[in-house]
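Shown next, in structure tokens, is the structure this report addresses.
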Amino acid sequence: CSPLGVESPGRPAFSFPNHFAPHLSAMSDPSVYSCCELGAAREAYAASVSTPLSPALAALDARTAAVLRQAHMVSGALAAATLRLLVKVSASVRALEIGTYTGFSAIAIAEALPEGGTITTVDSFVDEIEAKPIFRDAVASLPERTARKIVPVEADADAYLAELAGRVKSGTVQPFDFVFLDADKMRQLAQFELMVESGIVRAGGLVVVDNTLWYSRVVRGEGDATTRA
């Protein structure tokens with residue numbers, strides 16, 4: 001494995017694909033992205049053979065990288081392609097997202113949902129309030145057929161999920177087919193358990209949890225509080 005900019009014997013110095021640049025520069029500690037040449041080669045290869053971002057997502061990714069301090073929180077092109085694939089193969093209609101940020105993953109999911117499908121996306125925006133108008137503008141610029149699928153909820157995730165669990169139990173809200181959990185990493189396990197046990201996600205539904213390997217820190221056995229979450 002070679003860190004950023006370090007040459008391996010007989011090989012040129014490794015550099016990240018271009019789309020990593022704004023995320024690296026936005027991070028207070030870019031070293032969390034240090035990885036093997038092989039891993040980065042896989043990333044570049046997978047991106048080259050995956051469905052490219054829609055114009056709306058490409059524009060949102062660029063604006064997020066240019067404006068916000070924590071632009072690395074955007075899911076990225078490969079995650080967007082994976083989310084779209086999972087939504088389609090699971091034939092999901094009702095989706096829920098915990099963690100909106102600028103709406104990148106919400107829009108990716110909305111693009112994959114069928115006509116009449118919806119994604120409810122929840123965020124308090126307390127981590128970076130500047131993300132809120134970027135999300136709003138991104139949704140406003142979408143084609144109507146996509147924008148009408150997105151249901152924004154500004155709320156604390158734990159409080160909203162507790163309320164949602166009660167509404168599902170009472171039958172006033174139907175369970176969700178697909179859930180993307182991408183917010184407070186320290187709360188993800190508790191939120192996942194609540195969604196499954198309360199029936200927020202239907203039996204046979206799909207829950208996708210982001211950052212489970214936490215930039216490979218879990219794999220490397222780095223035992224800080226974030227890896228234990």
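Identifiers in the structure tokens: chain A, B, ... in order shown; residue index from 1 per chain; ligand index from 1 in order shown.
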
Counting only C-alpha atoms, which residues of region 103-170 of chain A sit at most 8 Å from some atom of region 70-84 of chain A, and what is each one's closest atom pair with its distance in Å to one decimal, listed by chain and rising residue number, as CSV?
```
residue,atom,partner,partner_atom,distance
A:Phe104,CA,A:Val74,CA,6.4
A:Ser105,CA,A:Ala80,CA,6.1
A:Ala108,CA,A:Ala80,CA,5.6
A:Ile109,CA,A:Arg84,CA,5.6
A:Glu111,CA,A:Arg84,CA,7.4
A:Ala112,CA,A:Arg84,CA,5.2
A:Glu128,CA,A:Gln70,CA,7.8
```

Leaving out Lys132 (chain A) and any residue of its chain fewer than 4 positions from it, which residues lie within 7 Å of it when counting only C-alpha atoms, given as a PyMOL selection string?
-> chain A and resi 102+125+136

Mind checking which residues fall within 10 Å of Gly99 (chain A), counting only C-alpha atoms, ignoring those fewer than 5 positions away in the same chain, and posting them as a PDB file with all heavy atoms, in the first residue's frame?
```pdb
ATOM      1  N   MET A  73     -19.095  14.582   2.662  1.00  0.00           N
ATOM      2  CA  MET A  73     -20.271  13.833   3.104  1.00  0.00           C
ATOM      3  C   MET A  73     -21.206  13.477   1.946  1.00  0.00           C
ATOM      4  O   MET A  73     -22.127  12.676   2.125  1.00  0.00           O
ATOM      5  CB  MET A  73     -21.031  14.620   4.174  1.00  0.00           C
ATOM      6  CG  MET A  73     -20.266  14.767   5.466  1.00  0.00           C
ATOM      7  SD  MET A  73     -21.279  15.143   6.918  1.00  0.00           S
ATOM      8  CE  MET A  73     -22.065  16.663   6.437  1.00  0.00           C
ATOM      9  N   SER A 105     -27.968  11.977  -2.437  1.00  0.00           N
ATOM     10  CA  SER A 105     -28.481  10.605  -2.454  1.00  0.00           C
ATOM     11  C   SER A 105     -29.998  10.577  -2.572  1.00  0.00           C
ATOM     12  O   SER A 105     -30.556   9.658  -3.195  1.00  0.00           O
ATOM     13  CB  SER A 105     -28.015   9.846  -1.212  1.00  0.00           C
ATOM     14  OG  SER A 105     -28.265  10.586  -0.039  1.00  0.00           O
ATOM     15  N   ALA A 106     -30.678  11.559  -2.009  1.00  0.00           N
ATOM     16  CA  ALA A 106     -32.138  11.613  -2.142  1.00  0.00           C
ATOM     17  C   ALA A 106     -32.547  11.750  -3.602  1.00  0.00           C
ATOM     18  O   ALA A 106     -33.487  11.093  -4.074  1.00  0.00           O
ATOM     19  CB  ALA A 106     -32.704  12.774  -1.328  1.00  0.00           C
ATOM     20  N   THR A 121     -36.976  12.354   3.050  1.00  0.00           N
ATOM     21  CA  THR A 121     -35.582  12.541   3.456  1.00  0.00           C
ATOM     22  C   THR A 121     -35.523  13.477   4.657  1.00  0.00           C
ATOM     23  O   THR A 121     -36.117  14.550   4.653  1.00  0.00           O
ATOM     24  CB  THR A 121     -34.722  13.064   2.290  1.00  0.00           C
ATOM     25  OG1 THR A 121     -33.366  13.232   2.734  1.00  0.00           O
ATOM     26  CG2 THR A 121     -35.242  14.358   1.696  1.00  0.00           C
ATOM     27  N   VAL A 122     -34.830  13.039   5.707  1.00  0.00           N
ATOM     28  CA  VAL A 122     -34.883  13.690   7.016  1.00  0.00           C
ATOM     29  C   VAL A 122     -33.515  14.246   7.401  1.00  0.00           C
ATOM     30  O   VAL A 122     -32.506  13.540   7.327  1.00  0.00           O
ATOM     31  CB  VAL A 122     -35.340  12.687   8.100  1.00  0.00           C
ATOM     32  CG1 VAL A 122     -35.475  13.378   9.455  1.00  0.00           C
ATOM     33  CG2 VAL A 122     -36.647  12.016   7.700  1.00  0.00           C
ATOM     34  N   ASP A 123     -33.510  15.509   7.829  1.00  0.00           N
ATOM     35  CA  ASP A 123     -32.261  16.114   8.304  1.00  0.00           C
ATOM     36  C   ASP A 123     -32.602  17.315   9.173  1.00  0.00           C
ATOM     37  O   ASP A 123     -33.558  18.045   8.887  1.00  0.00           O
ATOM     38  CB  ASP A 123     -31.386  16.569   7.137  1.00  0.00           C
ATOM     39  CG  ASP A 123     -29.906  16.609   7.488  1.00  0.00           C
ATOM     40  OD1 ASP A 123     -29.550  17.194   8.523  1.00  0.00           O
ATOM     41  OD2 ASP A 123     -29.097  16.041   6.728  1.00  0.00           O
ATOM     42  N   SER A 124     -31.828  17.535  10.221  1.00  0.00           N
ATOM     43  CA  SER A 124     -31.990  18.729  11.054  1.00  0.00           C
ATOM     44  C   SER A 124     -31.137  19.884  10.545  1.00  0.00           C
ATOM     45  O   SER A 124     -31.343  21.032  10.942  1.00  0.00           O
ATOM     46  CB  SER A 124     -31.603  18.420  12.502  1.00  0.00           C
ATOM     47  OG  SER A 124     -30.230  18.054  12.576  1.00  0.00           O
ATOM     48  N   PHE A 125     -30.146  19.573   9.702  1.00  0.00           N
ATOM     49  CA  PHE A 125     -29.208  20.545   9.133  1.00  0.00           C
ATOM     50  C   PHE A 125     -28.376  21.258  10.195  1.00  0.00           C
ATOM     51  O   PHE A 125     -27.821  22.329   9.943  1.00  0.00           O
ATOM     52  CB  PHE A 125     -29.937  21.574   8.257  1.00  0.00           C
ATOM     53  CG  PHE A 125     -30.611  20.971   7.057  1.00  0.00           C
ATOM     54  CD1 PHE A 125     -31.976  20.756   7.046  1.00  0.00           C
ATOM     55  CD2 PHE A 125     -29.881  20.599   5.943  1.00  0.00           C
ATOM     56  CE1 PHE A 125     -32.597  20.184   5.946  1.00  0.00           C
ATOM     57  CE2 PHE A 125     -30.493  20.021   4.835  1.00  0.00           C
ATOM     58  CZ  PHE A 125     -31.857  19.819   4.840  1.00  0.00           C
ATOM     59  N   ASP A 156     -35.048  16.382  13.942  1.00  0.00           N
ATOM     60  CA  ASP A 156     -34.070  15.488  14.565  1.00  0.00           C
ATOM     61  C   ASP A 156     -34.441  14.057  14.201  1.00  0.00           C
ATOM     62  O   ASP A 156     -35.607  13.649  14.326  1.00  0.00           O
ATOM     63  CB  ASP A 156     -34.098  15.679  16.077  1.00  0.00           C
ATOM     64  CG  ASP A 156     -33.242  14.655  16.795  1.00  0.00           C
ATOM     65  OD1 ASP A 156     -32.011  14.819  16.824  1.00  0.00           O
ATOM     66  OD2 ASP A 156     -33.829  13.665  17.290  1.00  0.00           O
ATOM     67  N   ALA A 157     -33.467  13.279  13.762  1.00  0.00           N
ATOM     68  CA  ALA A 157     -33.759  11.934  13.254  1.00  0.00           C
ATOM     69  C   ALA A 157     -34.362  11.033  14.323  1.00  0.00           C
ATOM     70  O   ALA A 157     -35.340  10.315  14.068  1.00  0.00           O
ATOM     71  CB  ALA A 157     -32.486  11.308  12.690  1.00  0.00           C
ATOM     72  N   PHE A 180     -32.386   4.310   3.467  1.00  0.00           N
ATOM     73  CA  PHE A 180     -30.960   4.634   3.393  1.00  0.00           C
ATOM     74  C   PHE A 180     -30.601   5.396   4.656  1.00  0.00           C
ATOM     75  O   PHE A 180     -31.099   6.496   4.901  1.00  0.00           O
ATOM     76  CB  PHE A 180     -30.659   5.473   2.159  1.00  0.00           C
ATOM     77  CG  PHE A 180     -29.192   5.806   1.986  1.00  0.00           C
ATOM     78  CD1 PHE A 180     -28.206   4.860   2.224  1.00  0.00           C
ATOM     79  CD2 PHE A 180     -28.791   7.071   1.566  1.00  0.00           C
ATOM     80  CE1 PHE A 180     -26.858   5.146   2.067  1.00  0.00           C
ATOM     81  CE2 PHE A 180     -27.451   7.366   1.391  1.00  0.00           C
ATOM     82  CZ  PHE A 180     -26.481   6.413   1.643  1.00  0.00           C
ATOM     83  N   LEU A 181     -29.739   4.803   5.463  1.00  0.00           N
ATOM     84  CA  LEU A 181     -29.350   5.358   6.755  1.00  0.00           C
ATOM     85  C   LEU A 181     -27.957   5.956   6.637  1.00  0.00           C
ATOM     86  O   LEU A 181     -26.967   5.236   6.500  1.00  0.00           O
ATOM     87  CB  LEU A 181     -29.386   4.237   7.801  1.00  0.00           C
ATOM     88  CG  LEU A 181     -29.213   4.593   9.269  1.00  0.00           C
ATOM     89  CD1 LEU A 181     -30.201   5.666   9.708  1.00  0.00           C
ATOM     90  CD2 LEU A 181     -29.393   3.338  10.124  1.00  0.00           C
ATOM     91  N   ASP A 182     -27.890   7.283   6.686  1.00  0.00           N
ATOM     92  CA  ASP A 182     -26.616   7.962   6.428  1.00  0.00           C
ATOM     93  C   ASP A 182     -26.533   9.265   7.212  1.00  0.00           C
ATOM     94  O   ASP A 182     -26.479  10.347   6.640  1.00  0.00           O
ATOM     95  CB  ASP A 182     -26.462   8.219   4.923  1.00  0.00           C
ATOM     96  CG  ASP A 182     -25.110   8.831   4.587  1.00  0.00           C
ATOM     97  OD1 ASP A 182     -24.166   8.661   5.363  1.00  0.00           O
ATOM     98  OD2 ASP A 182     -25.004   9.493   3.532  1.00  0.00           O
ATOM     99  N   ALA A 183     -26.554   9.162   8.530  1.00  0.00           N
ATOM    100  CA  ALA A 183     -26.502  10.381   9.344  1.00  0.00           C
ATOM    101  C   ALA A 183     -25.524  10.187  10.498  1.00  0.00           C
ATOM    102  O   ALA A 183     -24.344   9.913  10.273  1.00  0.00           O
ATOM    103  CB  ALA A 183     -27.903  10.747   9.820  1.00  0.00           C
ATOM    104  N   ASP A 184     -26.017  10.292  11.710  1.00  0.00           N
ATOM    105  CA  ASP A 184     -25.170  10.202  12.900  1.00  0.00           C
ATOM    106  C   ASP A 184     -24.656   8.773  13.068  1.00  0.00           C
ATOM    107  O   ASP A 184     -25.415   7.857  13.387  1.00  0.00           O
ATOM    108  CB  ASP A 184     -25.986  10.623  14.120  1.00  0.00           C
ATOM    109  CG  ASP A 184     -25.179  10.666  15.404  1.00  0.00           C
ATOM    110  OD1 ASP A 184     -24.018  10.188  15.405  1.00  0.00           O
ATOM    111  OD2 ASP A 184     -25.701  11.167  16.414  1.00  0.00           O
TER     112      ASP A 184
END
```

Extract the full set of alpha helix (DSSP H) residues from region 137-170 of chain A according to DSSP on the backbone, and format it as a VMD selection string.
-> chain A and resid 137 to 140 144 to 147 157 to 170

Dump C-alpha atoms for the selected residues as a compact mmCIF listing (two decimals), in the first residue's frame?
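Listing of selection_25.txt after writing:
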```
# COMPACT_ATOMS: atom_id res chain seq x y z
CA ASP A 137 -32.26 24.86 -4.91
CA ALA A 138 -31.28 21.41 -6.21
CA VAL A 139 -34.83 20.08 -5.81
CA ALA A 140 -36.29 23.23 -7.38
CA GLU A 144 -41.20 17.97 -12.03
CA ARG A 145 -41.46 14.19 -12.46
CA THR A 146 -38.45 13.80 -10.14
CA ALA A 147 -39.00 16.70 -7.76
CA ALA A 157 -33.76 11.93 13.25
CA ASP A 158 -34.32 10.16 16.58
CA ALA A 159 -37.41 12.22 17.39
CA TYR A 160 -38.82 11.76 13.90
CA LEU A 161 -38.24 8.00 13.89
CA ALA A 162 -39.93 7.65 17.29
CA GLU A 163 -42.96 9.54 15.99
CA LEU A 164 -42.91 7.56 12.75
CA ALA A 165 -42.83 4.27 14.63
CA GLY A 166 -46.03 5.26 16.44
CA ARG A 167 -47.74 6.27 13.21
CA VAL A 168 -46.79 3.00 11.53
CA LYS A 169 -48.10 1.06 14.52
CA SER A 170 -51.41 2.95 14.41
```

note - CA of Leu86 (chain A) and CA of Leu206 (chain A) are separated by 8.5 Å

Tell me which of A:Ala59, A:Ala190, A:Ile98, A:Ala66 sits closest to Ala155 (chain A), counting only C-alpha atoms.
->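 Smallest separation from Ala155 (chain A) among the options: A:Ile98.
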
Using only C-alpha atoms, which of the listed residues (A:Asp61, A:Glu115, A:Asp210, A:Glu43) sits closest to Ala131 (chain A)?
->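 For Ala131 (chain A), the nearest of the given residues is A:Asp61.
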
How far is it from CA of Lys149 (chain A) to CA of Gly116 (chain A), in Å with one decimal?
->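 Those two atoms sit 7.2 Å apart.
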